[in-house]
file final-v3.txt (compact mmCIF, C-alpha atoms)
# COMPACT_ATOMS: atom_id res chain seq x y z
CA MET A 1 0.00 0.00 0.00
CA LYS A 2 1.47 3.32 -1.12
CA ASP A 3 2.34 5.90 1.53
CA ILE A 4 -0.07 8.52 0.15
CA LEU A 5 -0.03 10.46 3.42
CA ARG A 6 3.71 11.13 3.10
CA ARG A 7 3.66 11.56 -0.68
CA HIS A 8 1.05 14.34 -0.52
CA GLN A 9 1.67 15.92 2.84
CA VAL A 10 5.01 16.69 4.40
CA LEU A 11 3.71 17.80 7.78
CA LYS A 12 1.99 15.87 10.55
CA LEU A 13 -1.65 16.84 11.03
CA GLU A 14 -0.96 18.02 14.57
CA ILE A 15 1.72 20.40 13.24
CA VAL A 16 -0.66 21.70 10.57
CA ASP A 17 -3.33 22.35 13.21
CA VAL A 18 -0.98 24.22 15.51
CA ILE A 19 0.36 26.38 12.65
CA ASN A 20 -3.19 27.18 11.59
CA LYS A 21 -3.86 28.29 15.18
CA GLN A 22 -0.76 30.46 14.98
CA ILE A 23 -2.01 32.02 11.72
CA LYS A 24 -5.15 32.99 13.60
CA MET A 25 -3.15 34.36 16.53
CA GLU A 26 -0.96 36.49 14.25
CA ALA A 27 -4.06 37.79 12.45
CA HIS A 28 -5.65 38.68 15.77
CA SER A 29 -2.45 40.41 16.92
CA SER A 30 -2.36 42.40 13.69
CA SER A 31 -5.95 43.47 14.24
CA ALA A 32 -5.29 44.33 17.91
CA TYR A 33 -2.33 46.54 16.93
CA LEU A 34 -4.47 48.24 14.31
CA ALA A 35 -7.04 49.07 16.99
CA MET A 36 -4.22 50.47 19.17
CA ALA A 37 -2.97 52.55 16.25
CA GLY A 38 -6.48 53.90 15.76
CA TRP A 39 -6.80 54.80 19.46
CA CYS A 40 -3.41 56.57 19.46
CA ASP A 41 -4.29 58.47 16.29
CA LEU A 42 -7.57 59.68 17.78
CA GLN A 43 -5.82 60.82 20.97
CA GLY A 44 -3.24 62.80 18.97
CA TYR A 45 -0.28 60.47 19.56
CA ASP A 46 0.79 60.38 15.91
CA ASN A 47 4.15 58.67 16.40
CA CYS A 48 2.68 56.03 18.70
CA ALA A 49 0.01 55.46 16.05
CA ASP A 50 2.75 54.95 13.44
CA PHE A 51 4.53 52.58 15.81
CA PHE A 52 1.41 50.41 16.09
CA PHE A 53 0.58 50.64 12.37
CA LYS A 54 4.06 49.23 11.77
CA GLN A 55 3.52 46.51 14.37
CA SER A 56 0.23 45.59 12.74
CA GLU A 57 1.99 45.21 9.38
CA GLU A 58 4.68 43.04 10.99
CA GLU A 59 2.09 40.67 12.45
CA ARG A 60 0.36 40.47 9.09
CA LYS A 61 3.70 39.50 7.49
CA HIS A 62 4.17 36.79 10.13
CA GLN A 63 0.68 35.48 9.39
CA LEU A 64 1.46 35.25 5.68
CA LYS A 65 4.81 33.58 6.35
CA PHE A 66 3.04 30.80 8.24
CA PHE A 67 0.28 30.64 5.62
CA HIS A 68 2.74 30.21 2.74
CA TYR A 69 4.69 27.59 4.68
CA LEU A 70 1.58 25.41 5.03
CA THR A 71 0.60 25.72 1.38
CA ASP A 72 4.19 25.09 0.28
CA MET A 73 4.18 21.88 2.33
CA GLY A 74 0.96 20.70 0.68
CA ALA A 75 -1.20 21.36 3.72
CA GLN A 76 -4.40 23.33 3.94
CA ALA A 77 -3.87 26.80 5.39
CA ILE A 78 -7.01 28.29 6.88
CA ALA A 79 -7.73 32.00 6.43
CA PRO A 80 -8.88 32.85 9.95
CA ALA A 81 -12.02 34.57 11.14
CA ILE A 82 -10.90 37.26 13.57
CA GLY A 83 -12.98 38.07 16.60
CA ASP A 84 -13.44 41.47 18.15
CA CYS A 85 -10.43 43.10 19.80
CA GLN A 86 -9.90 45.81 22.41
CA HIS A 87 -10.59 49.31 21.08
CA ASP A 88 -10.76 51.31 24.31
CA PHE A 89 -7.84 51.98 26.59
CA GLU A 90 -7.50 53.89 29.87
CA ASN A 91 -4.40 55.77 28.79
CA LEU A 92 -1.28 55.48 26.62
CA ARG A 93 0.51 53.30 29.14
CA ASP A 94 -2.42 50.86 29.07
CA VAL A 95 -1.95 50.53 25.29
CA PHE A 96 1.71 49.57 25.69
CA GLU A 97 0.91 47.22 28.59
CA THR A 98 -1.55 45.41 26.31
CA ALA A 99 1.05 45.30 23.51
CA LEU A 100 3.56 43.59 25.80
CA ASP A 101 0.90 41.06 26.87
CA ILE A 102 0.27 40.25 23.21
CA GLU A 103 3.96 39.72 22.50
CA ILE A 104 4.39 37.44 25.52
CA SER A 105 1.42 35.32 24.39
CA VAL A 106 2.87 35.07 20.86
CA THR A 107 6.29 34.08 22.22
CA ASP A 108 4.70 31.35 24.36
CA ALA A 109 2.80 30.05 21.33
CA ILE A 110 5.94 30.05 19.16
CA HIS A 111 7.87 28.12 21.81
CA ASP A 112 5.00 25.61 22.08
CA ILE A 113 5.24 24.99 18.33
CA VAL A 114 8.99 24.39 18.59
CA SER A 115 8.36 21.92 21.45
CA LEU A 116 5.77 20.11 19.33
CA CYS A 117 8.22 19.97 16.40
CA ARG A 118 10.77 18.33 18.69
CA LYS A 119 8.17 15.84 19.93
CA HIS A 120 7.43 14.84 16.32
CA THR A 121 11.05 15.15 15.16
CA ASP A 122 9.88 17.64 12.53
CA ILE A 123 13.29 19.10 11.81
CA ALA A 124 12.18 21.15 8.79
CA THR A 125 9.46 23.00 10.70
CA GLU A 126 11.73 23.49 13.69
CA GLU A 127 14.27 25.08 11.35
CA PHE A 128 11.51 27.26 9.85
CA MET A 129 10.48 28.33 13.38
CA LYS A 130 13.97 29.59 14.27
CA TRP A 131 13.30 32.87 12.48
CA PHE A 132 10.17 33.40 14.60
CA VAL A 133 12.02 32.61 17.84
CA GLN A 134 14.55 35.34 16.99
CA GLU A 135 11.80 37.69 15.85
CA GLN A 136 10.01 37.32 19.17
CA ILE A 137 13.17 38.18 21.10
CA GLU A 138 13.16 41.44 19.16
CA GLU A 139 9.41 42.07 19.43
CA GLU A 140 9.33 41.48 23.18
CA TYR A 141 12.40 43.65 23.69
CA VAL A 142 10.84 46.56 21.80
CA ALA A 143 7.50 46.21 23.65
CA ARG A 144 9.26 46.06 27.03
CA ARG A 145 11.58 48.96 26.19
CA ALA A 146 8.66 51.11 25.06
CA LEU A 147 6.89 50.43 28.34
CA GLU A 148 10.02 51.31 30.28
CA LEU A 149 9.87 54.81 28.80
CA PHE A 150 6.87 55.44 31.06
CA ASP A 151 8.88 54.35 34.12
CA VAL A 152 11.81 56.55 33.17
CA LEU A 153 9.97 59.65 31.96
CA GLY A 154 6.70 59.51 33.90
CA GLU A 155 3.18 60.01 32.65
CA ASP A 156 2.51 63.76 32.78
CA LYS A 157 1.92 65.73 29.60
CA ILE A 158 5.57 66.64 29.11
CA ALA A 159 6.62 63.01 29.63
CA LEU A 160 3.99 61.78 27.17
CA GLY A 161 5.32 64.31 24.64
CA MET A 162 8.82 62.95 25.13
CA ILE A 163 7.58 59.37 24.73
CA GLU A 164 5.94 60.47 21.48
CA GLU A 165 9.30 61.75 20.30
CA LYS A 166 11.24 58.69 21.35
CA ILE A 167 8.88 55.86 20.46
CA LEU A 168 9.87 55.50 16.79
CA SER A 169 13.54 55.14 17.69
CA VAL A 170 12.99 52.19 20.04
CA SER A 171 14.63 49.24 18.35
CA TYR A 172 16.53 46.05 19.05
CA ASP A 173 20.09 45.92 17.80
CA GLY A 174 20.71 42.31 18.71
CA ALA A 175 23.57 41.04 20.80
CA GLU A 176 26.00 43.55 19.31
CA MET B 1 -13.84 -4.26 -13.27
CA SER B 2 -11.65 -1.22 -13.95
CA PRO B 3 -7.94 -1.29 -13.06
CA LYS B 4 -8.63 1.54 -10.62
CA VAL B 5 -10.84 -0.77 -8.54
CA ILE B 6 -8.30 -3.61 -8.62
CA SER B 7 -5.58 -1.46 -7.04
CA GLN B 8 -7.78 -0.38 -4.13
CA SER B 9 -6.96 -1.57 -0.67
CA ILE B 10 -8.97 -1.10 2.51
CA VAL B 11 -7.41 1.37 4.92
CA PHE B 12 -9.99 1.09 7.72
CA GLU B 13 -13.55 -0.11 8.12
CA THR B 14 -16.40 -0.01 10.60
CA PRO B 15 -19.46 -2.33 10.48
CA SER B 16 -21.14 -0.31 7.73
CA THR B 17 -18.50 2.06 6.33
CA SER B 18 -14.96 1.90 5.00
CA VAL B 19 -12.16 3.94 3.46
CA SER B 20 -9.99 2.41 0.78
CA GLN B 21 -7.11 3.86 -1.15
CA CYS B 22 -6.18 3.57 -4.80
CA ASP B 23 -2.41 3.44 -5.32
CA ARG B 24 -2.73 4.28 -9.00
CA SER B 25 -4.72 7.51 -8.69
CA GLU B 26 -3.45 8.19 -5.13
CA LYS B 27 -7.01 8.91 -4.06
CA PHE B 28 -9.26 7.60 -1.31
CA PHE B 29 -12.73 6.11 -1.58
CA LEU B 30 -15.19 6.68 1.21
CA HIS B 31 -17.74 3.87 1.15
CA PHE B 32 -20.46 5.45 3.19
CA LEU B 33 -23.51 6.07 1.10
CA SER B 34 -24.69 4.04 -1.86
CA GLN B 35 -22.01 5.51 -4.16
CA PRO B 36 -18.37 5.60 -3.05
CA ILE B 37 -17.06 9.16 -2.70
CA GLU B 38 -13.66 9.76 -4.32
CA LEU B 39 -11.46 12.09 -2.29
CA LYS B 40 -7.95 13.50 -2.53
CA LEU B 41 -5.87 13.45 0.66
CA CYS B 42 -6.50 17.13 1.39
CA GLU B 43 -10.26 16.55 0.94
CA LEU B 44 -10.16 13.59 3.33
CA ILE B 45 -8.34 15.75 5.89
CA GLY B 46 -10.91 18.51 5.31
CA LEU B 47 -13.75 16.06 5.91
CA LYS B 48 -12.13 14.86 9.15
CA ARG B 49 -11.84 18.47 10.33
CA LYS B 50 -15.47 19.19 9.50
CA ILE B 51 -16.65 16.10 11.36
CA GLU B 52 -14.49 17.00 14.38
CA ASN B 53 -15.89 20.53 14.41
CA ILE B 54 -19.53 19.44 14.62
CA ASP B 55 -20.91 20.40 18.03
CA LEU B 56 -22.87 17.26 18.91
CA THR B 57 -24.18 18.70 22.18
CA ALA B 58 -25.65 21.68 20.35
CA LEU B 59 -27.08 19.36 17.72
CA VAL B 60 -28.81 17.16 20.29
CA SER B 61 -30.20 20.07 22.28
CA SER B 62 -31.39 22.08 19.25
CA GLN B 63 -35.10 22.43 18.50
CA GLY B 64 -34.57 21.54 14.83
CA PRO B 65 -33.94 18.13 13.25
CA ASP B 66 -30.90 16.23 14.58
CA ILE B 67 -29.01 16.36 11.29
CA GLU B 68 -25.89 18.08 9.99
CA VAL B 69 -25.42 19.03 6.36
CA LEU B 70 -21.83 18.83 5.12
CA TYR B 71 -20.69 20.38 1.86
CA LEU B 72 -17.45 18.89 0.57
CA SER B 73 -16.98 20.46 -2.85
CA HIS B 74 -18.91 20.95 -6.06
CA GLN B 75 -17.68 17.54 -7.28
CA HIS B 76 -19.14 15.65 -4.34
CA PRO B 77 -22.64 14.98 -3.08
CA VAL B 78 -23.84 16.99 -0.10
CA LEU B 79 -23.75 14.78 3.00
CA VAL B 80 -26.81 14.86 5.24
CA LEU B 81 -25.78 13.12 8.43
CA SER B 82 -27.71 11.88 11.44
CA ILE B 83 -26.00 11.90 14.85
CA TYR B 84 -25.36 8.15 14.55
CA GLU B 85 -23.76 8.67 11.11
CA ILE B 86 -21.59 11.51 12.44
CA LEU B 87 -20.31 9.23 15.22
CA GLU B 88 -19.66 6.42 12.77
CA LEU B 89 -17.83 8.73 10.33
CA SER B 90 -15.79 10.14 13.21
CA GLU B 91 -14.72 6.62 14.22
CA LEU B 92 -14.01 5.74 10.59
CA LEU B 93 -11.83 8.80 9.94
CA THR B 94 -9.95 8.53 13.24
CA GLY B 95 -9.17 4.90 12.42
CA THR B 96 -8.27 5.77 8.85
CA PHE B 97 -5.71 8.39 9.83
CA THR B 98 -4.24 6.13 12.51
CA MET B 99 -3.72 3.45 9.85
CA LEU B 100 -2.31 5.96 7.34
CA GLU B 101 0.18 7.18 9.92
CA LEU B 102 1.09 3.60 10.78
CA ASN B 103 1.59 2.92 7.07
CA SER B 104 3.89 5.97 6.90
CA VAL B 105 5.93 4.64 9.82
CA ILE B 106 6.22 1.23 8.13
CA HIS B 107 7.36 2.88 4.89
CA LYS B 108 9.87 5.05 6.74
CA PHE B 109 11.46 2.32 8.84
CA ILE B 110 11.16 -0.70 6.58
CA TYR B 111 10.71 0.13 2.89
CA ARG B 112 12.65 3.39 2.56
CA LYS B 113 15.38 2.30 4.96
CA PHE B 114 16.19 -0.88 3.04
CA SER B 115 15.48 0.26 -0.50
call {"tool": "encode", "arguments": {"input": "final-v3.txt", "output": "structure tokens"}}
result
Amino acid sequence: MKDILRRHQVLKLEIVDVINKQIKMEAHSSSAYLAMAGWCDLQGYDNCADFFFKQSEEERKHQLKFFHYLTDMGAQAIAPAIGDCQHDFENLRDVFETALDIEISVTDAIHDIVSLCRKHTDIATEEFMKWFVQEQIEEEYVARRALELFDVLGEDKIALGMIEEKILSVSYDGAE
Amino acid sequence: MSPKVISQSIVFETPSTSVSQCDRSEKFFLHFLSQPIELKLCELIGLKRKIENIDLTALVSSQGPDIEVLYLSHQHPVLVLSIYEILELSELLTGTFTMLELNSVIHKFIYRKFS
């Protein structure tokens, strides 16, 4: 009996399912960042809005990267339905707190996928996931660093103005 | 009998249903209704997902008829399933994929290793 399962599908079904869940998570993150960008824009924090528009784009790129991987491996990638996300925030700090929570959840999910790859000895997917592991180090760093600006500068109007000025220059330069 | 039928082998069966595979066309045949339904691997996986996603509790407690309508694709008949049929299909597809994975393991460790 021919091994049709292996001939037509490279990935284990459990791996396909977990990557489809990740596609949904990335899509939801993208949508959540878009809502944050919208809130910032309405409150007059233009640079913070740009920061979150950029984050939203990044998450969308991650979603597509996973999506293409599944289709390239002959598996069915599912375009996700995205539920409602948070549109109202108490203040600017609350927005960045929520952003860090999102990044931590994504990191946990990425690490869970790597663990599952190891369980199934799926070396190809584990190799593919390495980029995301690195990416999450960067994403979490930026989210944490942005939040630290509030601790350093405070939250009065002058401090918020300074955060607005500094936010677009927050970046991760690796282990240089 | 066509050559396609000759090359079919049973993957898994329950008392009234079965899935067989054709090595020549690399397709599966779901023997469930009167006519066998020909499915590609991705369609078989899709069917398994749809069956798994049926909320049986909601189906039982609903005011309407206890049936679920499944649309596979334009090439296939629409499946109208009773709760009993959903359970039987679920058992059939779980068994089918267990056997397919076992077959993969056999190919990996016996056929491909020594070929």
call {"tool": "atom_distance", "arguments": {"input": "final-v3.txt", "atom1": "CA of Ala77 in chain A", "atom2": "CA of Tyr71 in chain B"}}
result
18.3 Å
call {"tool": "residues_around", "arguments": {"input": "final-v3.txt", "residues": "Thr98 in chain A", "least_positions_apart": "4", "cutoff": "10 Å", "atoms": "only C-alpha atoms", "output": "PyMOL selection string"}}
result
chain A and resi 32-33+36+86+89+93-94+102-104+143
call {"tool": "residues_around", "arguments": {"input": "final-v3.txt", "residues": "Val105 in chain B", "least_positions_apart": "4", "cutoff": "12 Å", "atoms": "all atoms listed in the file", "output": "PyMOL selection string"}}
result
(chain A and resi 2-3+5-6+12) or (chain B and resi 98-101+109-113)
call {"tool": "interface_residues", "arguments": {"input": "final-v3.txt", "of": "chain A", "to": "chain B", "cutoff": "12 Å", "atoms": "only C-alpha atoms", "output": "VMD selection string"}}
result
chain A and resid 1 to 14 16 to 17 71 73 to 78
call {"tool": "closest_residue", "arguments": {"input": "final-v3.txt", "among": "B:Val69, B:Leu30, B:Thr57, B:Phe114", "to": "Thr17 in chain B", "atoms": "all atoms listed in the file"}}
result
B:Leu30
call {"tool": "atom_distance", "arguments": {"input": "final-v3.txt", "atom1": "CA of Pro65 in chain B", "atom2": "CA of Val80 in chain B"}}
result
11.2 Å
call {"tool": "residues_around", "arguments": {"input": "final-v3.txt", "residues": "Gln35 in chain B", "least_positions_apart": "3", "cutoff": "12 Å", "atoms": "all atoms listed in the file", "output": "list in words"}}
result
Thr17, Phe29, Leu30, His31, Phe32, Glu38, His76, Pro77 and Leu79 of chain B
call {"tool": "closest_residue", "arguments": {"input": "final-v3.txt", "among": "A:Leu70, A:Leu92, A:Ala109, A:Ala79", "to": "Gly161 in chain A", "atoms": "only C-alpha atoms"}}
result
A:Leu92
call {"tool": "residues_around", "arguments": {"input": "final-v3.txt", "residues": "Gly83 in chain A", "least_positions_apart": "5", "cutoff": "12 Å", "atoms": "all atoms listed in the file", "output": "list in words"}}
result
Lys24, Met25, Ala27, His28, Ser29, Ser30, Ser31 and Ala32 of chain A
call {"tool": "residues_around", "arguments": {"input": "final-v3.txt", "residues": "Phe150 in chain A", "least_positions_apart": "2", "cutoff": "9 Å", "atoms": "all atoms listed in the file", "output": "list in words"}}
result
Arg93, Ala146, Leu147, Glu148, Val152, Leu153, Gly154, Glu155, Ala159, Leu160 and Ile163 of chain A
call {"tool": "atom_distance", "arguments": {"input": "final-v3.txt", "atom1": "CA of Leu87 in chain B", "atom2": "CA of Ser62 in chain B"}}
result
17.4 Å
call {"tool": "closest_residue", "arguments": {"input": "final-v3.txt", "among": "A:Leu100, A:Ala124, A:Ile113, A:Leu168", "to": "Tyr69 in chain A", "atoms": "all atoms listed in the file"}}
result
A:Ala124
call {"tool": "closest_residue", "arguments": {"input": "final-v3.txt", "among": "A:Val114, A:Val133, A:Leu64, A:Val170", "to": "Asn20 in chain A", "atoms": "only C-alpha atoms"}}
result
A:Leu64
call {"tool": "closest_residue", "arguments": {"input": "final-v3.txt", "among": "B:Glu52, B:Glu91, B:Glu85, B:Asp66", "to": "Phe12 in chain B", "atoms": "all atoms listed in the file"}}
result
B:Glu91
call {"tool": "build_atoms", "arguments": {"input": "final-v3.txt", "residues": "range 48-71 of chain B", "atoms": "N, CA, C and O atoms", "output": "short mmCIF file (atom, residue, chain, number, x, y, z; two decimals), in the frame of the given file"}}
result
data_model
loop_
_atom_site.label_atom_id
_atom_site.label_comp_id
_atom_site.auth_asym_id
_atom_site.auth_seq_id
_atom_site.Cartn_x
_atom_site.Cartn_y
_atom_site.Cartn_z
N LYS B 48 -12.40 15.22 7.74
CA LYS B 48 -12.13 14.86 9.15
C LYS B 48 -12.29 16.10 10.04
O LYS B 48 -12.90 16.05 11.09
N ARG B 49 -11.75 17.22 9.56
CA ARG B 49 -11.84 18.47 10.33
C ARG B 49 -13.29 18.88 10.53
O ARG B 49 -13.71 19.27 11.61
N LYS B 50 -14.06 18.77 9.42
CA LYS B 50 -15.47 19.19 9.50
C LYS B 50 -16.24 18.31 10.49
O LYS B 50 -17.06 18.80 11.25
N ILE B 51 -15.96 17.02 10.44
CA ILE B 51 -16.65 16.10 11.36
C ILE B 51 -16.26 16.42 12.81
O ILE B 51 -17.11 16.47 13.70
N GLU B 52 -14.97 16.69 13.02
CA GLU B 52 -14.49 17.00 14.38
C GLU B 52 -15.10 18.31 14.90
O GLU B 52 -15.27 18.46 16.11
N ASN B 53 -15.38 19.21 13.99
CA ASN B 53 -15.89 20.53 14.41
C ASN B 53 -17.40 20.56 14.65
O ASN B 53 -17.93 21.59 15.08
N ILE B 54 -18.08 19.45 14.38
CA ILE B 54 -19.53 19.44 14.62
C ILE B 54 -19.77 19.41 16.14
O ILE B 54 -19.20 18.59 16.85
N ASP B 55 -20.59 20.33 16.60
CA ASP B 55 -20.91 20.40 18.03
C ASP B 55 -22.11 19.48 18.29
O ASP B 55 -23.27 19.86 18.10
N LEU B 56 -21.81 18.25 18.72
CA LEU B 56 -22.87 17.26 18.91
C LEU B 56 -23.84 17.66 20.02
O LEU B 56 -25.04 17.44 19.91
N THR B 57 -23.31 18.28 21.07
CA THR B 57 -24.18 18.70 22.18
C THR B 57 -25.21 19.71 21.69
O THR B 57 -26.40 19.60 22.00
N ALA B 58 -24.74 20.66 20.88
CA ALA B 58 -25.65 21.68 20.35
C ALA B 58 -26.67 21.03 19.41
O ALA B 58 -27.85 21.41 19.38
N LEU B 59 -26.20 20.03 18.67
CA LEU B 59 -27.08 19.36 17.72
C LEU B 59 -28.20 18.61 18.44
O LEU B 59 -29.36 18.67 18.05
N VAL B 60 -27.83 17.94 19.52
CA VAL B 60 -28.81 17.16 20.29
C VAL B 60 -29.81 18.09 20.97
O VAL B 60 -31.02 17.82 20.99
N SER B 61 -29.30 19.19 21.51
CA SER B 61 -30.20 20.07 22.28
C SER B 61 -30.95 21.08 21.41
O SER B 61 -31.77 21.83 21.93
N SER B 62 -30.70 21.09 20.11
CA SER B 62 -31.39 22.08 19.25
C SER B 62 -32.85 21.67 19.04
O SER B 62 -33.20 20.51 19.15
N GLN B 63 -33.67 22.67 18.72
CA GLN B 63 -35.10 22.43 18.50
C GLN B 63 -35.34 21.80 17.12
O GLN B 63 -36.32 21.11 16.90
N GLY B 64 -34.41 22.03 16.21
CA GLY B 64 -34.57 21.54 14.83
C GLY B 64 -34.27 20.06 14.70
O GLY B 64 -34.04 19.37 15.70
N PRO B 65 -34.25 19.55 13.46
CA PRO B 65 -33.94 18.13 13.25
C PRO B 65 -32.49 17.82 13.63
O PRO B 65 -31.62 18.67 13.46
N ASP B 66 -32.24 16.61 14.13
CA ASP B 66 -30.90 16.23 14.58
C ASP B 66 -30.04 15.80 13.39
O ASP B 66 -29.56 14.67 13.33
N ILE B 67 -29.83 16.70 12.45
CA ILE B 67 -29.01 16.36 11.29
C ILE B 67 -28.00 17.47 11.04
O ILE B 67 -28.21 18.61 11.43
N GLU B 68 -26.90 17.10 10.37
CA GLU B 68 -25.89 18.08 9.99
C GLU B 68 -25.67 17.95 8.49
O GLU B 68 -25.55 16.82 7.97
N VAL B 69 -25.64 19.07 7.80
CA VAL B 69 -25.42 19.03 6.36
C VAL B 69 -23.97 19.43 6.09
O VAL B 69 -23.53 20.50 6.51
N LEU B 70 -23.25 18.55 5.42
CA LEU B 70 -21.83 18.83 5.12
C LEU B 70 -21.64 19.00 3.62
O LEU B 70 -22.01 18.13 2.83
N TYR B 71 -21.01 20.12 3.26
CA TYR B 71 -20.69 20.38 1.86
C TYR B 71 -19.20 20.13 1.67
O TYR B 71 -18.38 20.73 2.35
#
